[in-house]
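J.: I'd like to ask you about the structure that follows.
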Amino acid sequence: MIKSFLFHIGRYTLLLRQVFKKPEKQSIYIRQIMVEIDNLGLDSVGIVAFISVFMGAVLCIQMAFNIDTPLIPAYTIGFVTRQSVVLEFSPTIISLILAGKVGSRVASELGTMRVTEQIDAIEIIGINPATYLIFPKIVASVLINPILIMMSMVVAVVGGWLAGVITGLVPGSEYVFGIKAFFESYDIVYALIKTVVFAFLIVSISAYHGFYTKGGALEVGESSTKGVVHSSIAIIFLNLILTNLLLA
Amino acid sequence: MIEAFNVSKSFEEHLVLDNVSCRFETGKCNLIIGQSGSGKTVLMKCLVGLFEIDKGKVEYDGRSFSKMSFDEMKSIRQEIGMMFQGGALFDSMTVEENVIFPLSMFTSQTLEEKRERANFCLSRVNLENINKLYPAELSGGMKKRVAIARAIAMNPRYLFCDEPNSGLDPLTANVIDNLISEITQEYNMTTIINTHDMNSVIEIGQKIAYIHKGKLWWEGDKDTILKSDNEELNRFVFATELTRKLK
């Protein structure tokens, strides 16, 4: 098992070395990055917004029920909702959701290209397939995921406000005061650093599994599953390390 | 001319190619024939560098290909056109974009010039008015012809075709065979074709290499193949009633 783990780490590192080689024609790559921003980022706006608004609402309601004492001011609900959203929910949970959506897409796309010899065809033409296929995806994700996560933060906080006001659990003005209270801009920096690292992991790990697919349709499915599972594990693991490094 | 010298390739413990030496001549259709699983496709992939060979070397007109790094191989690969068994057309691109793709990567031609070249290549394989279709909308024969059009877009010196007429009806298969043969002579290319189709052998086999159990078993041409006394080759060539009658 250790031998297999080391084999995959080694091959993943070698693949990354190939990915970051000088591209053949930069104008083509810029266009590819734009296409991938659309495919991997803009396509995810709906699901990210949907999950964020409901998670923000649930967070707010749970806080309100748990802080059921006059000793703690009502604005705490807004404050805790904001902190939970900014520090953990948006960068980590949304990244895990993107690992499912984007990771499976990347792994199955590359896996299908591998088993139908499209990757071989790219190589025969004289193009480095790792750079051509994976580099634009990584760059696109690293650029668009922070924007998605920022959007998620805003939507989740608004979701919390809507839930608090509609249910009457927290007055709107108290909630708004809470989300502005004790604001540290470093929290946003911390969240964005995590997001960028997670975006890189999601695409590179899923691409690795897709790129080295062998076999047929069944193996493409397996690569897709492995891509999602392994990138999720990497996110959880790196989340702990980054939190320790950046906040401790 | 492409030459393979003592090429061996194994996958884990399984030896697939055993000391194969072969010469593929310029301006001719060079056929690699053999049963399924004999090592034909592995030999072709070793020749184009998709598989790293364990032993031996491959030379393209005297240039030692197998010892080159990936970046060095890139320059020779721009002289190679390859048609894969299933076509290997890019699903997300239209027919025209597929043919234009190598031109976009390696030339500074304008879009108009690239379109003109794509139209020429497509008309050369008898395909017209399908530029905007996607691979999923094409028949098997059309996909293979688009793959040939893409392979010749860069005016290659070397053309590789892996099972060009597998899964096609005899008429379409014949069209593809003749097309490859015409293009080979027209552009004086070194063409290597993997096949197990005896019709292709009789039709276009100017040079034939028979691979059996990973070894080069016999070499000759379409005139000598029917007269050979090689037992193993005869078992392959005269496997059907039709070829036995032809003999």
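Residue numbering restarts at 1 in every chain; chains get A, B, ... in the order shown in the structure tokens, and ligands count up from 1 in that same order.
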Could you list, with a cut-off of 8 Å and counting only C-alpha atoms, the residues of chain B near chain A, each shown with its nearest atom pair and the distance in Å rounded to one decimal, rows sorted by chain and ascending number, as JSON lines?
T.:
```
{"residue": "B:Val48", "atom": "CA", "partner": "A:Ile124", "partner_atom": "CA", "distance": 7.4}
{"residue": "B:Leu50", "atom": "CA", "partner": "A:Asp120", "partner_atom": "CA", "distance": 7.1}
{"residue": "B:Met73", "atom": "CA", "partner": "A:Gly126", "partner_atom": "CA", "distance": 7.6}
{"residue": "B:Lys74", "atom": "CA", "partner": "A:Gly126", "partner_atom": "CA", "distance": 4.6}
{"residue": "B:Ser75", "atom": "CA", "partner": "A:Gly126", "partner_atom": "CA", "distance": 7.0}
{"residue": "B:Ile76", "atom": "CA", "partner": "A:Gly126", "partner_atom": "CA", "distance": 7.9}
{"residue": "B:Arg77", "atom": "CA", "partner": "A:Gly126", "partner_atom": "CA", "distance": 4.9}
{"residue": "B:Gln78", "atom": "CA", "partner": "A:Gly126", "partner_atom": "CA", "distance": 5.5}
{"residue": "B:Ile80", "atom": "CA", "partner": "A:Ile124", "partner_atom": "CA", "distance": 7.1}
{"residue": "B:Gly81", "atom": "CA", "partner": "A:Ile125", "partner_atom": "CA", "distance": 7.1}
{"residue": "B:Met82", "atom": "CA", "partner": "A:Ile124", "partner_atom": "CA", "distance": 7.0}
{"residue": "B:Phe84", "atom": "CA", "partner": "A:Glu117", "partner_atom": "CA", "distance": 7.3}
{"residue": "B:Gly86", "atom": "CA", "partner": "A:Thr116", "partner_atom": "CA", "distance": 7.1}
{"residue": "B:Ala88", "atom": "CA", "partner": "A:Gln118", "partner_atom": "CA", "distance": 4.8}
{"residue": "B:Leu89", "atom": "CA", "partner": "A:Gln118", "partner_atom": "CA", "distance": 6.5}
{"residue": "B:Phe90", "atom": "CA", "partner": "A:Gln118", "partner_atom": "CA", "distance": 6.3}
{"residue": "B:Pro102", "atom": "CA", "partner": "A:Ile125", "partner_atom": "CA", "distance": 6.4}
{"residue": "B:Ser104", "atom": "CA", "partner": "A:Ile28", "partner_atom": "CA", "distance": 7.9}
{"residue": "B:Met105", "atom": "CA", "partner": "A:Lys25", "partner_atom": "CA", "distance": 6.2}
{"residue": "B:Phe106", "atom": "CA", "partner": "A:Lys25", "partner_atom": "CA", "distance": 7.8}
```
J.: Print the selection's residues with C-alpha atoms to a file, as a short mmCIF file (atom, residue, chain, number, x, y, z; two decimals), in the first residue's frame.
T.:
```
data_model
loop_
_atom_site.label_atom_id
_atom_site.label_comp_id
_atom_site.auth_asym_id
_atom_site.auth_seq_id
_atom_site.Cartn_x
_atom_site.Cartn_y
_atom_site.Cartn_z
CA VAL B 48 5.66 6.67 -33.14
CA LEU B 50 3.69 6.39 -27.75
CA MET B 73 10.49 14.15 -30.57
CA LYS B 74 8.10 17.06 -31.02
CA SER B 75 9.91 18.29 -34.13
CA ILE B 76 9.66 14.87 -35.80
CA ARG B 77 6.09 14.45 -34.66
CA GLN B 78 5.15 17.51 -36.69
CA ILE B 80 3.93 12.54 -38.61
CA GLY B 81 0.26 12.05 -39.35
CA MET B 82 -1.59 9.27 -37.61
CA PHE B 84 -6.17 5.88 -35.05
CA GLY B 86 -11.45 4.65 -33.81
CA ALA B 88 -9.65 9.65 -32.21
CA LEU B 89 -11.39 12.82 -33.37
CA PHE B 90 -11.81 15.47 -30.71
CA PRO B 102 -2.60 20.99 -35.90
CA SER B 104 -3.51 26.34 -35.34
CA MET B 105 -0.86 24.92 -33.04
CA PHE B 106 2.11 25.02 -35.38
#
```
J.: Taking the backbone alone, and naming residues the way the document does, which bits of segment 4-218 of chain B are alpha helix (DSSP H) by DSSP, as a ChimeraX atom specification?
T.: /B:40-48,70-77,95-106,111-124,140-152,170-187,198-204
J.: If we count only C-alpha atoms and set the cut-off at 9 Å, which residues sit around segment 123-136 of chain B, ignoring sequence neighbours fewer than 6 positions away in its own chain? Please answer as a list in words.
T.: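 Within the cut-off, the hits are Leu89, Phe90, Asp91, Ser92, Met93, Thr94, Val95, Glu96, Glu97, Met142, Lys143, Arg145, Val146, Ile148, Ala149, Ile176, Leu179 and Ile183 of chain B.
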J.: Can I get the selection written as an mmCIF file, in the first residue's frame, with N, CA and C atoms?
T.:
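Okay, out_38.cif is ready:
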```cif
data_model
loop_
_atom_site.group_PDB
_atom_site.id
_atom_site.type_symbol
_atom_site.label_atom_id
_atom_site.label_comp_id
_atom_site.auth_asym_id
_atom_site.auth_seq_id
_atom_site.Cartn_x
_atom_site.Cartn_y
_atom_site.Cartn_z
ATOM 1 N N LEU B 89 -11.051 11.408 -33.102
ATOM 2 C CA LEU B 89 -11.387 12.815 -33.374
ATOM 3 C C LEU B 89 -11.767 13.481 -32.062
ATOM 4 N N PHE B 90 -11.490 14.766 -31.952
ATOM 5 C CA PHE B 90 -11.814 15.474 -30.708
ATOM 6 C C PHE B 90 -13.319 15.765 -30.677
ATOM 7 N N ASP B 91 -13.993 15.148 -29.681
ATOM 8 C CA ASP B 91 -15.460 15.219 -29.595
ATOM 9 C C ASP B 91 -15.988 16.638 -29.513
ATOM 10 N N SER B 92 -15.212 17.490 -28.822
ATOM 11 C CA SER B 92 -15.728 18.838 -28.549
ATOM 12 C C SER B 92 -15.525 19.782 -29.729
ATOM 13 N N MET B 93 -14.888 19.297 -30.789
ATOM 14 C CA MET B 93 -14.618 20.160 -31.950
ATOM 15 C C MET B 93 -15.403 19.681 -33.161
ATOM 16 N N THR B 94 -15.711 20.629 -34.044
ATOM 17 C CA THR B 94 -16.367 20.253 -35.298
ATOM 18 C C THR B 94 -15.332 19.589 -36.214
ATOM 19 N N VAL B 95 -15.826 19.053 -37.327
ATOM 20 C CA VAL B 95 -14.931 18.416 -38.301
ATOM 21 C C VAL B 95 -13.858 19.404 -38.744
ATOM 22 N N GLU B 96 -14.286 20.615 -39.071
ATOM 23 C CA GLU B 96 -13.332 21.631 -39.547
ATOM 24 C C GLU B 96 -12.301 21.958 -38.460
ATOM 25 N N GLU B 97 -12.771 22.125 -37.236
ATOM 26 C CA GLU B 97 -11.846 22.443 -36.132
ATOM 27 C C GLU B 97 -10.852 21.308 -35.902
ATOM 28 N N MET B 142 -16.959 7.920 -42.381
ATOM 29 C CA MET B 142 -16.694 9.375 -42.426
ATOM 30 C C MET B 142 -15.679 9.773 -41.358
ATOM 31 N N LYS B 143 -15.820 9.181 -40.160
ATOM 32 C CA LYS B 143 -14.870 9.499 -39.077
ATOM 33 C C LYS B 143 -13.461 9.145 -39.513
ATOM 34 N N ARG B 145 -12.294 8.959 -42.514
ATOM 35 C CA ARG B 145 -11.823 9.867 -43.561
ATOM 36 C C ARG B 145 -11.449 11.233 -42.974
ATOM 37 N N VAL B 146 -12.230 11.682 -41.989
ATOM 38 C CA VAL B 146 -11.870 12.958 -41.324
ATOM 39 C C VAL B 146 -10.519 12.788 -40.615
ATOM 40 N N ILE B 148 -8.123 10.882 -41.552
ATOM 41 C CA ILE B 148 -7.069 10.956 -42.583
ATOM 42 C C ILE B 148 -6.840 12.424 -42.959
ATOM 43 N N ALA B 149 -7.948 13.165 -43.113
ATOM 44 C CA ALA B 149 -7.824 14.591 -43.475
ATOM 45 C C ALA B 149 -6.998 15.335 -42.422
ATOM 46 N N ILE B 176 -11.263 3.618 -48.558
ATOM 47 C CA ILE B 176 -10.235 4.097 -47.614
ATOM 48 C C ILE B 176 -8.849 3.589 -48.042
ATOM 49 N N LEU B 179 -7.657 5.436 -51.046
ATOM 50 C CA LEU B 179 -7.356 6.813 -50.667
ATOM 51 C C LEU B 179 -5.969 6.909 -50.036
ATOM 52 N N ILE B 183 -2.796 8.913 -51.645
ATOM 53 C CA ILE B 183 -2.143 10.000 -50.887
ATOM 54 C C ILE B 183 -0.658 9.684 -50.697
#
```
J.: May I have all residues of segment 171-243 of chain B that DSSP, computed from the backbone, assigns to strand (DSSP E), given as a PDB file with N, CA and C atoms, in the first residue's frame?
T.:
```pdb
ATOM      1  N   THR B 190       6.062   8.026 -46.297  1.00  0.00           N
ATOM      2  CA  THR B 190       6.302   6.673 -45.795  1.00  0.00           C
ATOM      3  C   THR B 190       5.052   6.299 -45.016  1.00  0.00           C
ATOM      4  N   THR B 191       4.271   5.384 -45.566  1.00  0.00           N
ATOM      5  CA  THR B 191       2.997   5.046 -44.916  1.00  0.00           C
ATOM      6  C   THR B 191       3.079   3.655 -44.303  1.00  0.00           C
ATOM      7  N   ILE B 192       2.663   3.582 -43.048  1.00  0.00           N
ATOM      8  CA  ILE B 192       2.647   2.288 -42.351  1.00  0.00           C
ATOM      9  C   ILE B 192       1.210   2.001 -41.926  1.00  0.00           C
ATOM     10  N   ILE B 193       0.720   0.857 -42.337  1.00  0.00           N
ATOM     11  CA  ILE B 193      -0.682   0.508 -42.058  1.00  0.00           C
ATOM     12  C   ILE B 193      -0.733  -0.799 -41.275  1.00  0.00           C
ATOM     13  N   ASN B 194      -1.433  -0.757 -40.166  1.00  0.00           N
ATOM     14  CA  ASN B 194      -1.701  -1.956 -39.378  1.00  0.00           C
ATOM     15  C   ASN B 194      -2.996  -2.547 -39.862  1.00  0.00           C
ATOM     16  N   THR B 195      -3.015  -3.785 -40.216  1.00  0.00           N
ATOM     17  CA  THR B 195      -4.294  -4.352 -40.649  1.00  0.00           C
ATOM     18  C   THR B 195      -4.301  -5.863 -40.487  1.00  0.00           C
ATOM     19  N   LYS B 207       4.535  -3.393 -49.468  1.00  0.00           N
ATOM     20  CA  LYS B 207       5.524  -4.059 -48.615  1.00  0.00           C
ATOM     21  C   LYS B 207       4.767  -4.586 -47.398  1.00  0.00           C
ATOM     22  N   ILE B 208       5.000  -5.830 -47.074  1.00  0.00           N
ATOM     23  CA  ILE B 208       4.213  -6.444 -45.997  1.00  0.00           C
ATOM     24  C   ILE B 208       5.139  -7.096 -44.970  1.00  0.00           C
ATOM     25  N   ALA B 209       4.826  -6.826 -43.703  1.00  0.00           N
ATOM     26  CA  ALA B 209       5.555  -7.491 -42.614  1.00  0.00           C
ATOM     27  C   ALA B 209       4.536  -8.278 -41.800  1.00  0.00           C
ATOM     28  N   TYR B 210       4.773  -9.562 -41.649  1.00  0.00           N
ATOM     29  CA  TYR B 210       3.840 -10.403 -40.888  1.00  0.00           C
ATOM     30  C   TYR B 210       4.395 -10.612 -39.473  1.00  0.00           C
ATOM     31  N   ILE B 211       3.620 -10.186 -38.503  1.00  0.00           N
ATOM     32  CA  ILE B 211       4.033 -10.308 -37.094  1.00  0.00           C
ATOM     33  C   ILE B 211       3.245 -11.454 -36.465  1.00  0.00           C
ATOM     34  N   HIS B 212       3.969 -12.330 -35.794  1.00  0.00           N
ATOM     35  CA  HIS B 212       3.296 -13.448 -35.122  1.00  0.00           C
ATOM     36  C   HIS B 212       3.957 -13.646 -33.759  1.00  0.00           C
ATOM     37  N   LYS B 215       6.953 -11.549 -32.955  1.00  0.00           N
ATOM     38  CA  LYS B 215       8.184 -11.646 -33.773  1.00  0.00           C
ATOM     39  C   LYS B 215       7.858 -11.362 -35.226  1.00  0.00           C
ATOM     40  N   LEU B 216       8.860 -10.854 -35.938  1.00  0.00           N
ATOM     41  CA  LEU B 216       8.690 -10.666 -37.375  1.00  0.00           C
ATOM     42  C   LEU B 216       8.845 -12.041 -38.020  1.00  0.00           C
ATOM     43  N   TRP B 217       7.749 -12.522 -38.586  1.00  0.00           N
ATOM     44  CA  TRP B 217       7.719 -13.905 -39.067  1.00  0.00           C
ATOM     45  C   TRP B 217       8.052 -13.997 -40.553  1.00  0.00           C
ATOM     46  N   TRP B 218       7.629 -12.941 -41.286  1.00  0.00           N
ATOM     47  CA  TRP B 218       7.793 -12.983 -42.747  1.00  0.00           C
ATOM     48  C   TRP B 218       7.768 -11.561 -43.294  1.00  0.00           C
ATOM     49  N   GLU B 219       8.505 -11.307 -44.376  1.00  0.00           N
ATOM     50  CA  GLU B 219       8.451 -10.018 -45.074  1.00  0.00           C
ATOM     51  C   GLU B 219       8.321 -10.264 -46.567  1.00  0.00           C
ATOM     52  N   GLY B 220       7.566  -9.407 -47.246  1.00  0.00           N
ATOM     53  CA  GLY B 220       7.414  -9.571 -48.694  1.00  0.00           C
ATOM     54  C   GLY B 220       6.479  -8.522 -49.245  1.00  0.00           C
TER      55      GLY B 220
END
```
J.: State, in Å with one decimal place, the distance from atom CA of Lys22 of chain A to atom CA of Leu47 of chain B.
T.: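 Between atom CA of Lys22 of chain A and atom CA of Leu47 of chain B the gap is 25.8 Å.
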J.: Find the residues around Asp177 of chain B up to 10 Å (only C-alpha atoms counted), leave out those fewer than 5 positions away in its own chain, and share them as an MDAnalysis selection string.
T.: chainID B and resid 29 164:165 171:172 182 193 199:201 203:205
J.: Can you tell me which residues surround segment 100-109 of chain A at a distance of at most 9 Å, considering only C-alpha atoms, apart from same-chain residues fewer than 6 positions away, and format the answer as a ChimeraX atom specification?
T.: /A:39-41,44,134,137,202-211,213,220-229,231-232
J.: Which residues are near Val48 of chain A? Cut-off 12 Å, only C-alpha atoms, ignore same chain within fewer than 4 positions. Put them as a ChimeraX atom specification.
T.: /A:41-44,52-56,89-91,93-98,101-102,145,147-156
J.: Identify, on the basis of only C-alpha atoms, every residue whose closest approach to Pro136 of chain A does not exceed 7 Å; exclude the query and any residue fewer than 6 positions from it along the same chain; express the result as JSON, numbers by chain.
T.: {"A": [29, 32, 33, 36]}
J.: Would you mind exporting C-alpha atoms of the selected residues as a PDB file, in the first residue's frame?
T.:
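Result file again-v6.pdb:
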```
ATOM      1  CA  TYR A  29      -3.913  28.554 -24.227  1.00  0.00           C
ATOM      2  CA  GLN A  32      -8.586  27.479 -23.621  1.00  0.00           C
ATOM      3  CA  ILE A  33      -8.418  29.131 -20.187  1.00  0.00           C
ATOM      4  CA  GLU A  36     -12.437  26.312 -18.954  1.00  0.00           C
TER       5      GLU A  36
END
```
J.: Could you state the separation of atom CA of Ile202 of chain B and atom CA of Thr26 of chain B in Å, given to one decimal place?
T.: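 Distance reported for this atom pair: 19.3 Å.
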J.: Pick from A:Ala49, A:Ile77, A:Phe135, A:Met1: nearest to Arg17 of chain A, with only C-alpha atoms counted?
T.: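 Of all the options, A:Phe135 lies closest to Arg17 of chain A.
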J.: Just checking: using only C-alpha atoms, which residue out of A:Lys194, A:Lys21, A:Arg11, A:Arg31 ends up closest to Asn244 of chain A?
T.: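 Of all the options, A:Lys194 lies closest to Asn244 of chain A.
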